[in-house]
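**Student:** The following file, upload.cif, comprises mmCIF, C-alpha atoms and all ligand atoms:
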```cif
data_model
loop_
_atom_site.label_atom_id
_atom_site.label_comp_id
_atom_site.auth_asym_id
_atom_site.auth_seq_id
_atom_site.Cartn_x
_atom_site.Cartn_y
_atom_site.Cartn_z
CA MET A 1 91.75 82.48 111.14
CA ALA A 2 94.32 83.46 108.52
CA MET A 3 95.97 86.89 108.84
CA LEU A 4 95.61 87.26 105.07
CA GLU A 5 92.96 85.44 103.07
CA VAL A 6 92.76 86.10 99.36
CA LYS A 7 90.24 84.37 97.09
CA ASN A 8 89.89 84.42 93.34
CA LEU A 9 91.65 87.78 92.95
CA SER A 10 91.81 88.90 89.32
CA ILE A 11 92.61 91.98 87.27
CA SER A 12 93.04 92.64 83.56
CA PHE A 13 94.83 95.49 81.82
CA GLY A 14 93.30 95.78 78.35
CA GLY A 15 93.35 92.23 77.03
CA LEU A 16 96.01 91.02 79.48
CA ARG A 17 94.83 89.08 82.53
CA ALA A 18 97.78 90.15 84.72
CA VAL A 19 96.46 88.31 87.80
CA ASP A 20 94.04 85.44 87.26
CA SER A 21 92.19 83.82 90.19
CA PHE A 22 94.91 84.34 92.78
CA ASN A 23 94.35 82.61 96.14
CA VAL A 24 96.45 82.59 99.27
CA ASN A 25 96.07 81.96 103.01
CA ILE A 26 98.81 83.29 105.26
CA GLU A 27 98.72 82.54 108.98
CA LYS A 28 99.76 85.03 111.65
CA GLY A 29 103.54 85.04 112.08
CA GLU A 30 104.22 83.22 108.81
CA LEU A 31 107.08 84.21 106.50
CA TYR A 32 105.64 83.66 103.03
CA GLY A 33 107.23 84.11 99.60
CA LEU A 34 105.67 85.04 96.28
CA ILE A 35 107.96 84.10 93.42
CA GLY A 36 107.83 83.71 89.65
CA PRO A 37 109.50 84.84 86.43
CA ASN A 38 109.57 88.48 85.30
CA GLY A 39 106.14 89.79 84.40
CA ALA A 40 104.32 86.95 86.21
CA GLY A 41 102.07 89.36 88.12
CA LYS A 42 103.76 89.52 91.54
CA THR A 43 103.91 93.31 91.92
CA THR A 44 100.36 93.53 90.58
CA VAL A 45 99.27 91.26 93.46
CA PHE A 46 100.94 93.70 95.90
CA ASN A 47 99.22 96.62 94.14
CA LEU A 48 95.89 94.84 94.57
CA LEU A 49 96.56 94.03 98.23
CA THR A 50 97.44 97.67 98.95
CA GLY A 51 94.57 99.29 97.05
CA VAL A 52 96.66 100.76 94.23
CA TYR A 53 94.42 98.76 91.89
CA LYS A 54 90.87 97.59 92.48
CA PRO A 55 90.34 93.93 91.52
CA ASP A 56 87.89 92.95 88.81
CA GLU A 57 86.98 89.91 90.90
CA GLY A 58 87.76 88.29 94.22
CA PHE A 59 88.22 89.41 97.81
CA ILE A 60 90.97 90.26 100.29
CA LYS A 61 90.50 89.74 104.03
CA LEU A 62 92.98 91.01 106.58
CA ASP A 63 92.62 89.41 109.99
CA GLY A 64 89.04 88.53 109.07
CA LYS A 65 88.11 92.01 107.81
CA ASP A 66 87.21 92.52 104.16
CA ILE A 67 89.48 95.24 102.74
CA THR A 68 88.76 94.60 99.05
CA GLY A 69 88.72 97.79 97.00
CA HIS A 70 89.56 100.05 99.97
CA LYS A 71 91.84 103.05 99.40
CA THR A 72 95.59 102.68 99.97
CA ILE A 73 95.62 104.98 102.99
CA GLU A 74 92.73 103.08 104.58
CA ILE A 75 94.41 99.74 103.96
CA ASN A 76 97.56 101.05 105.60
CA LYS A 77 95.52 102.09 108.63
CA GLU A 78 93.87 98.64 108.68
CA GLY A 79 97.38 97.21 109.06
CA VAL A 80 99.13 96.59 105.74
CA ALA A 81 102.55 98.20 105.24
CA ARG A 82 104.76 97.88 102.20
CA THR A 83 108.25 98.48 100.88
CA PHE A 84 109.01 98.97 97.20
CA GLN A 85 111.23 97.40 94.54
CA ASN A 86 112.98 100.76 94.16
CA ILE A 87 113.60 102.20 97.60
CA ARG A 88 111.19 105.05 98.34
CA LEU A 89 112.52 106.97 101.30
CA PHE A 90 112.22 110.67 102.04
CA LYS A 91 115.82 111.11 100.94
CA GLN A 92 116.18 114.70 102.13
CA LEU A 93 114.84 113.93 105.62
CA THR A 94 116.88 112.47 108.44
CA VAL A 95 116.79 108.79 109.30
CA LEU A 96 114.81 109.65 112.44
CA ASP A 97 112.26 111.74 110.55
CA ASN A 98 111.70 108.94 108.04
CA VAL A 99 110.61 106.64 110.86
CA LYS A 100 108.55 109.44 112.44
CA ALA A 101 106.71 109.82 109.13
CA GLY A 102 105.51 106.24 109.64
CA LEU A 103 104.49 106.97 113.23
CA HIS A 104 102.28 109.88 112.14
CA ASN A 105 99.58 107.30 111.35
CA HIS A 106 98.97 106.87 115.06
CA HIS A 107 100.18 110.07 116.72
CA VAL A 108 98.24 113.13 115.72
CA TYR A 109 97.93 116.74 116.69
CA SER A 110 96.07 119.45 114.83
CA THR A 111 97.87 121.88 112.51
CA LEU A 112 97.24 124.68 115.01
CA HIS A 113 99.05 122.75 117.75
CA GLY A 114 101.94 122.37 115.29
CA ILE A 115 102.04 126.02 114.24
CA PHE A 116 101.94 127.35 117.80
CA ARG A 117 104.21 124.65 119.23
CA THR A 118 101.73 124.01 122.05
CA PRO A 119 102.53 121.71 125.02
CA LYS A 120 100.50 118.97 123.31
CA TYR A 121 102.62 119.32 120.15
CA ARG A 122 105.84 119.11 122.18
CA ARG A 123 104.62 116.08 124.16
CA VAL A 124 103.55 114.17 121.05
CA GLU A 125 106.82 115.06 119.27
CA LYS A 126 108.85 113.82 122.25
CA GLU A 127 106.89 110.56 122.36
CA MET A 128 107.45 110.08 118.64
CA ASP A 129 111.20 110.77 118.98
CA GLU A 130 111.44 108.11 121.69
CA LYS A 131 109.38 105.56 119.78
CA ALA A 132 111.30 106.19 116.54
CA MET A 133 114.63 105.78 118.36
CA GLU A 134 113.41 102.46 119.81
CA ILE A 135 112.60 101.20 116.33
CA LEU A 136 115.93 102.45 114.96
CA LYS A 137 117.75 100.58 117.75
CA VAL A 138 116.12 97.32 116.64
CA PHE A 139 117.71 97.91 113.23
CA SER A 140 121.04 99.16 114.64
CA LEU A 141 120.39 102.50 112.94
CA ASP A 142 120.10 104.61 116.11
CA GLY A 143 123.71 105.81 115.67
CA GLN A 144 122.73 107.29 112.30
CA ALA A 145 119.45 108.93 113.43
CA ASP A 146 120.63 112.42 112.40
CA TYR A 147 122.03 111.39 109.00
CA LEU A 148 120.16 112.28 105.85
CA ALA A 149 118.52 109.11 104.51
CA SER A 150 120.29 109.67 101.18
CA ASN A 151 123.68 109.43 102.94
CA LEU A 152 123.10 105.88 104.20
CA PRO A 153 124.69 102.99 102.29
CA TYR A 154 122.25 101.02 100.15
CA GLY A 155 121.80 98.09 102.56
CA GLN A 156 120.97 100.46 105.42
CA GLN A 157 118.47 102.38 103.28
CA ARG A 158 116.65 99.08 102.74
CA LYS A 159 116.63 98.49 106.49
CA LEU A 160 115.34 102.01 107.10
CA GLU A 161 112.51 101.44 104.63
CA ILE A 162 111.49 98.34 106.61
CA ALA A 163 111.82 100.31 109.88
CA ARG A 164 109.55 103.04 108.53
CA ALA A 165 106.97 100.47 107.40
CA LEU A 166 107.03 98.89 110.85
CA ALA A 167 106.47 102.27 112.49
CA THR A 168 102.93 102.21 111.08
CA GLU A 169 102.35 99.17 113.36
CA PRO A 170 101.18 96.82 110.63
CA LYS A 171 99.64 93.39 110.98
CA LEU A 172 101.04 92.39 107.60
CA LEU A 173 104.31 93.53 106.06
CA LEU A 174 104.76 93.31 102.28
CA LEU A 175 108.35 93.43 101.00
CA ASP A 176 108.83 93.85 97.24
CA GLU A 177 112.23 92.43 96.24
CA PRO A 178 114.01 93.51 99.42
CA ALA A 179 117.36 92.04 98.26
CA ALA A 180 117.35 93.76 94.85
CA GLY A 181 120.72 95.38 94.20
CA MET A 182 122.34 93.95 97.31
CA ASN A 183 125.69 92.18 97.48
CA PRO A 184 125.86 88.74 99.17
CA ASN A 185 126.91 90.18 102.55
CA GLU A 186 124.08 92.72 102.52
CA THR A 187 121.62 89.99 101.50
CA GLN A 188 122.77 87.79 104.39
CA GLU A 189 122.33 90.67 106.82
CA LEU A 190 118.89 91.43 105.36
CA MET A 191 117.85 87.80 105.84
CA ASN A 192 118.80 88.06 109.51
CA THR A 193 116.87 91.35 109.78
CA ILE A 194 113.70 89.92 108.21
CA ARG A 195 113.84 86.83 110.43
CA PHE A 196 114.42 89.07 113.46
CA VAL A 197 111.46 91.33 112.55
CA ARG A 198 109.18 88.31 112.28
CA ASP A 199 110.35 86.86 115.61
CA HIS A 200 110.63 90.12 117.56
CA PHE A 201 107.35 91.68 116.37
CA ASP A 202 105.50 88.39 115.75
CA MET A 203 104.99 89.87 112.27
CA THR A 204 103.29 88.25 109.29
CA ILE A 205 105.45 88.82 106.21
CA LEU A 206 104.77 88.30 102.52
CA LEU A 207 107.73 88.97 100.26
CA ILE A 208 108.45 88.98 96.54
CA GLU A 209 111.98 87.95 95.72
CA HIS A 210 114.11 86.70 92.85
CA ASP A 211 117.11 85.86 95.06
CA MET A 212 116.63 82.12 95.63
CA LYS A 213 119.17 82.06 98.44
CA LEU A 214 117.00 84.47 100.40
CA VAL A 215 113.78 82.68 99.44
CA SER A 216 115.03 79.22 100.41
CA GLY A 217 116.79 80.64 103.49
CA ILE A 218 113.87 82.38 105.17
CA CYS A 219 110.49 81.62 103.55
CA GLU A 220 108.45 78.83 105.07
CA LYS A 221 105.92 78.64 102.28
CA LEU A 222 105.79 79.81 98.69
CA THR A 223 103.34 80.54 95.94
CA VAL A 224 104.70 80.52 92.39
CA LEU A 225 103.05 82.75 89.82
CA ASN A 226 103.48 82.28 86.09
CA PHE A 227 101.63 84.33 83.46
CA GLY A 228 99.29 85.65 86.16
CA GLN A 229 98.25 82.21 87.39
CA ILE A 230 99.33 80.10 90.33
CA LEU A 231 101.72 77.42 89.10
CA THR A 232 102.09 75.78 92.49
CA GLU A 233 102.17 76.51 96.22
CA GLY A 234 103.31 74.81 99.39
CA ASP A 235 106.35 74.27 101.61
CA THR A 236 109.43 76.03 100.27
CA SER A 237 111.65 72.98 99.71
CA GLU A 238 108.90 71.05 97.91
CA VAL A 239 108.02 74.00 95.68
CA LEU A 240 111.63 74.71 94.73
CA ASN A 241 112.15 71.07 93.71
CA ASP A 242 108.99 70.99 91.60
CA PRO A 243 109.97 70.28 87.96
CA GLY A 244 107.28 72.70 86.71
CA VAL A 245 108.80 75.52 88.76
CA ILE A 246 112.33 74.75 87.57
CA LYS A 247 111.05 74.75 83.96
CA ALA A 248 109.26 78.10 84.41
CA TYR A 249 112.48 79.65 85.68
CA LEU A 250 114.75 78.10 83.05
CA GLY A 251 112.25 79.18 80.39
CA ASP A 252 112.78 82.71 81.66
CA GLU A 253 116.55 82.69 81.08
N1 LIG B 301 99.21 99.43 85.09
C1 LIG B 301 99.42 98.49 84.16
N2 LIG B 301 98.95 98.64 82.89
C2 LIG B 301 99.16 97.69 81.96
N3 LIG B 301 99.84 96.55 82.17
C3 LIG B 301 100.34 96.34 83.41
C4 LIG B 301 100.17 97.30 84.47
N4 LIG B 301 100.79 96.82 85.59
C5 LIG B 301 101.31 95.63 85.24
N5 LIG B 301 101.05 95.35 83.93
C6 LIG B 301 101.44 94.13 83.23
O1 LIG B 301 101.03 93.02 84.01
C7 LIG B 301 101.99 91.96 83.93
C8 LIG B 301 102.48 91.63 85.32
O2 LIG B 301 103.37 92.66 85.77
P1 LIG B 301 104.02 92.67 87.21
O3 LIG B 301 104.81 93.93 87.33
O4 LIG B 301 102.98 92.41 88.23
O5 LIG B 301 105.00 91.42 87.14
P2 LIG B 301 106.08 90.95 88.19
O6 LIG B 301 105.87 89.49 88.40
O7 LIG B 301 106.05 91.81 89.39
O8 LIG B 301 107.43 91.16 87.36
P3 LIG B 301 108.94 91.55 87.86
O9 LIG B 301 109.47 90.33 88.55
O10 LIG B 301 109.65 91.80 86.56
O11 LIG B 301 108.83 92.74 88.74
C9 LIG B 301 103.09 92.45 83.00
O12 LIG B 301 102.84 91.96 81.71
C10 LIG B 301 102.95 93.96 83.05
O13 LIG B 301 103.40 94.56 81.86
#
```
Could I get this structure in the form of structure tokens?
Ligand SMILES: Nc1ncnc2c1ncn2[C@@H]1O[C@H](COP(=O)(O)OP(=O)(O)OP(=O)(O)O)[C@@H](O)[C@H]1O
**Tutor:**
Amino acid sequence: MAMLEVKNLSISFGGLRAVDSFNVNIEKGELYGLIGPNGAGKTTVFNLLTGVYKPDEGFIKLDGKDITGHKTIEINKEGVARTFQNIRLFKQLTVLDNVKAGLHNHHVYSTLHGIFRTPKYRRVEKEMDEKAMEILKVFSLDGQADYLASNLPYGQQRKLEIARALATEPKLLLLDEPAAGMNPNETQELMNTIRFVRDHFDMTILLIEHDMKLVSGICEKLTVLNFGQILTEGDTSEVLNDPGVIKAYLGDE
């Protein structure tokens, strides 16, 4: 069974069919890319997958469970985590607290426990500190746990955003242009991080990216969107050599 199965997903804004009959099957542990020229509908697909928009048609199944039209918070609890084109961290919180914010999905105590600092509150907080530090170690950010997120260099903020998403223990990780704004060294390091996350956590990853070096370097399969419709899909090398895909990109210049 596919980890993500999407059939016939469509949405219109006014007269514009931004996503038109989108289909995809992503197996567990696959590293999958969604590419296409500006305005093709890629982010809208992510917004549909994460419940920001409700589709006009079609369905979304995560690990066999229908999550179509569910609320964003529910979809996150079902196991979909996401990072954004423009980094969205809690900039005035520490690096550690950003990851703990992700962990709050699974570790709960009532407000009263929090106000009165009960033994349960202290135990849960300690467990979360330990778990968050473990995750930060994976990303080599444990040395910066006490820094404010806003004080990290750009490449590390990207990593922290992925770390926070992983703290919610997702089944599927969606990365929206993770290499945007990165220099070649940062992009190379990010590629290693994404590959490591997939291997280490046996994670299923779907990413949107314009950086073809990253796409060809780490994605096993691709779907190309153009004007809301699937232009082609398949193994990365075949897709990137497809004349129709090359034309769509050159037409975008
Ligand atoms: N909430 C909305 N209301 C109206 N139109 C929208 C809305 N969201 C997206 N669109 C339109 O849908 C189309 C697809 O946009 P989308 O952001 O999904 O493209 P994209 O492939 O992610 O582009 P980029 O690579 O530039 O981020 C665009 O024409 C966009 O203007």
**Student:** Given the choices A:Gln229, A:Thr236, A:Gln85, A:Asn8, which gets closest to Lys213 in chain A if the distance is worked out from all atoms listed in the file?
**Tutor:**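 Comparing A:Gln229, A:Thr236, A:Gln85, A:Asn8 against Lys213 in chain A, the winner is A:Thr236.
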**Student:** When you count all atoms listed in the file, which of these residues is closest to ligand LIG 301 (chain B): A:Glu189, A:Asp242, A:Glu74, A:Glu177?
**Tutor:**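 Closest to ligand LIG 301 (chain B) of all the choices is A:Glu177.
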**Student:** Distance table requested - chain A against ligand LIG 301 (chain B), cut-off 7 Å, all atoms listed in the file: one row per qualifying residue with the closest atom pair and its distance in Å to one decimal, ordered by chain and rising residue number, as JSON lines.
**Tutor:**
```
{"residue": "A:Phe13", "atom": "CA", "partner": "B:LIG301", "partner_atom": "C2", "distance": 4.9}
{"residue": "A:Ala18", "atom": "CA", "partner": "B:LIG301", "partner_atom": "O1", "distance": 4.4}
{"residue": "A:Gly36", "atom": "CA", "partner": "B:LIG301", "partner_atom": "O6", "distance": 6.2}
{"residue": "A:Pro37", "atom": "CA", "partner": "B:LIG301", "partner_atom": "O9", "distance": 5.9}
{"residue": "A:Asn38", "atom": "CA", "partner": "B:LIG301", "partner_atom": "O10", "distance": 3.6}
{"residue": "A:Gly39", "atom": "CA", "partner": "B:LIG301", "partner_atom": "O5", "distance": 3.4}
{"residue": "A:Ala40", "atom": "CA", "partner": "B:LIG301", "partner_atom": "O6", "distance": 3.7}
{"residue": "A:Gly41", "atom": "CA", "partner": "B:LIG301", "partner_atom": "O4", "distance": 3.2}
{"residue": "A:Lys42", "atom": "CA", "partner": "B:LIG301", "partner_atom": "O6", "distance": 3.8}
{"residue": "A:Thr43", "atom": "CA", "partner": "B:LIG301", "partner_atom": "O7", "distance": 3.6}
{"residue": "A:Thr44", "atom": "CA", "partner": "B:LIG301", "partner_atom": "O4", "distance": 3.7}
{"residue": "A:Val45", "atom": "CA", "partner": "B:LIG301", "partner_atom": "O4", "distance": 6.5}
{"residue": "A:Gly228", "atom": "CA", "partner": "B:LIG301", "partner_atom": "C8", "distance": 6.8}
```
**Student:** Write a file of the just-selected residues containing C-alpha atoms, as an mmCIF file, in the frame of the given file.
**Tutor:**
```
data_model
loop_
_atom_site.group_PDB
_atom_site.id
_atom_site.type_symbol
_atom_site.label_atom_id
_atom_site.label_comp_id
_atom_site.auth_asym_id
_atom_site.auth_seq_id
_atom_site.Cartn_x
_atom_site.Cartn_y
_atom_site.Cartn_z
ATOM 1 C CA PHE A 13 94.830 95.490 81.820
ATOM 2 C CA ALA A 18 97.780 90.150 84.720
ATOM 3 C CA GLY A 36 107.830 83.710 89.650
ATOM 4 C CA PRO A 37 109.500 84.840 86.430
ATOM 5 C CA ASN A 38 109.570 88.480 85.300
ATOM 6 C CA GLY A 39 106.140 89.790 84.400
ATOM 7 C CA ALA A 40 104.320 86.950 86.210
ATOM 8 C CA GLY A 41 102.070 89.360 88.120
ATOM 9 C CA LYS A 42 103.760 89.520 91.540
ATOM 10 C CA THR A 43 103.910 93.310 91.920
ATOM 11 C CA THR A 44 100.360 93.530 90.580
ATOM 12 C CA VAL A 45 99.270 91.260 93.460
ATOM 13 C CA GLY A 228 99.290 85.650 86.160
#
```
**Student:** Let me know the centre plus edge lengths, in Å and rounded to one decimal, of a box with edges along x, y and z that contains all listed atoms of range 32-42 of chain A and is padded by 5 Å on every side, as AutoDock Vina command-line options.
**Tutor:**
```
--center_x 105.8 --center_y 86.7 --center_z 93.7 --size_x 17.5 --size_y 16.1 --size_z 28.6
```
**Student:** Quick one: pull the distance between CA of Asn86 in chain A and CA of Asn25 in chain A, Å, one decimal.
**Tutor:**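 Distance reported for this atom pair: 26.8 Å.
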**Student:** Enter the distance from CA of Gln157 in chain A to CA of Lys91 in chain A, in Å, rounded to one decimal.
**Tutor:**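 Here the two named atoms are 9.4 Å from each other.
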**Student:** Would you mind telling me which residue in A:Gly143, A:Pro243, A:Gly33, A:Pro153 lies nearest to Leu225 in chain A when using only C-alpha atoms?
**Tutor:**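 Of A:Gly143, A:Pro243, A:Gly33, A:Pro153, the one nearest Leu225 in chain A, counting only C-alpha atoms, is A:Gly33.
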**Student:** Would you list the residues near (120.4, 86.2, 92.0) (no more than 10 Å away, in the coordinates of the file, using all atoms listed in the file) as a ChimeraX atom specification?
**Tutor:** /A:179-184,209-214
**Student:** Can you measure CA of Gly14 in chain A to CA of Gly58 in chain A for me? One decimal in Å is fine.
**Tutor:**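 These two atoms are separated by 18.4 Å.
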**Student:** Using only C-alpha atoms, determine which residues lie at most 9 Å from Ser150 in chain A, disregarding the query and same-chain residues fewer than 5 positions distant; provide the list as an NGL selection string.
**Tutor:** :A and (89-95 or 157)
**Student:** So which one's closest to Leu49 in chain A, A:Leu31, A:Val245, A:Leu172, A:Leu16? Using all atoms listed in the file, please.
**Tutor:**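 Counting all atoms listed in the file, the residue closest to Leu49 in chain A is A:Leu172.
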**Student:** Give the answer as one residue: which of A:Ile230, A:Val19, A:Val80, A:Val52 has the shortest atom-to-atom distance to Leu4 in chain A, using only C-alpha atoms?
**Tutor:**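 Closest to Leu4 in chain A of all the choices is A:Val80.
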**Student:** So, counting all atoms listed in the file, which residue among A:Gly29, A:Gly244, A:Gly155, A:Pro178 is closest to Thr83 in chain A?
**Tutor:**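 Of A:Gly29, A:Gly244, A:Gly155, A:Pro178, the one nearest Thr83 in chain A is A:Pro178, counting all atoms listed in the file.
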**Student:** As a list of chain:residue names, please: the residues near Ala145 in chain A (cut-off 10 Å, only C-alpha atoms, same-chain neighbours under 4 positions excluded).
**Tutor:** A:Thr94, A:Val95, A:Leu96, A:Asp97, A:Asn98, A:Val99, A:Ala132, A:Met133, A:Leu136, A:Lys137, A:Ser140, A:Leu141, A:Ala149
**Student:** Could you write out the selected residues, including C-alpha atoms, as a short mmCIF file (atom, residue, chain, number, x, y, z; two decimals), keeping the file's coordinate frame?
**Tutor:**
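Contents of the output file selection36.cif:
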```cif
data_model
loop_
_atom_site.label_atom_id
_atom_site.label_comp_id
_atom_site.auth_asym_id
_atom_site.auth_seq_id
_atom_site.Cartn_x
_atom_site.Cartn_y
_atom_site.Cartn_z
CA THR A 94 116.88 112.47 108.44
CA VAL A 95 116.79 108.79 109.30
CA LEU A 96 114.81 109.65 112.44
CA ASP A 97 112.26 111.74 110.55
CA ASN A 98 111.70 108.94 108.04
CA VAL A 99 110.61 106.64 110.86
CA ALA A 132 111.30 106.19 116.54
CA MET A 133 114.63 105.78 118.36
CA LEU A 136 115.93 102.45 114.96
CA LYS A 137 117.75 100.58 117.75
CA SER A 140 121.04 99.16 114.64
CA LEU A 141 120.39 102.50 112.94
CA ALA A 149 118.52 109.11 104.51
#
```
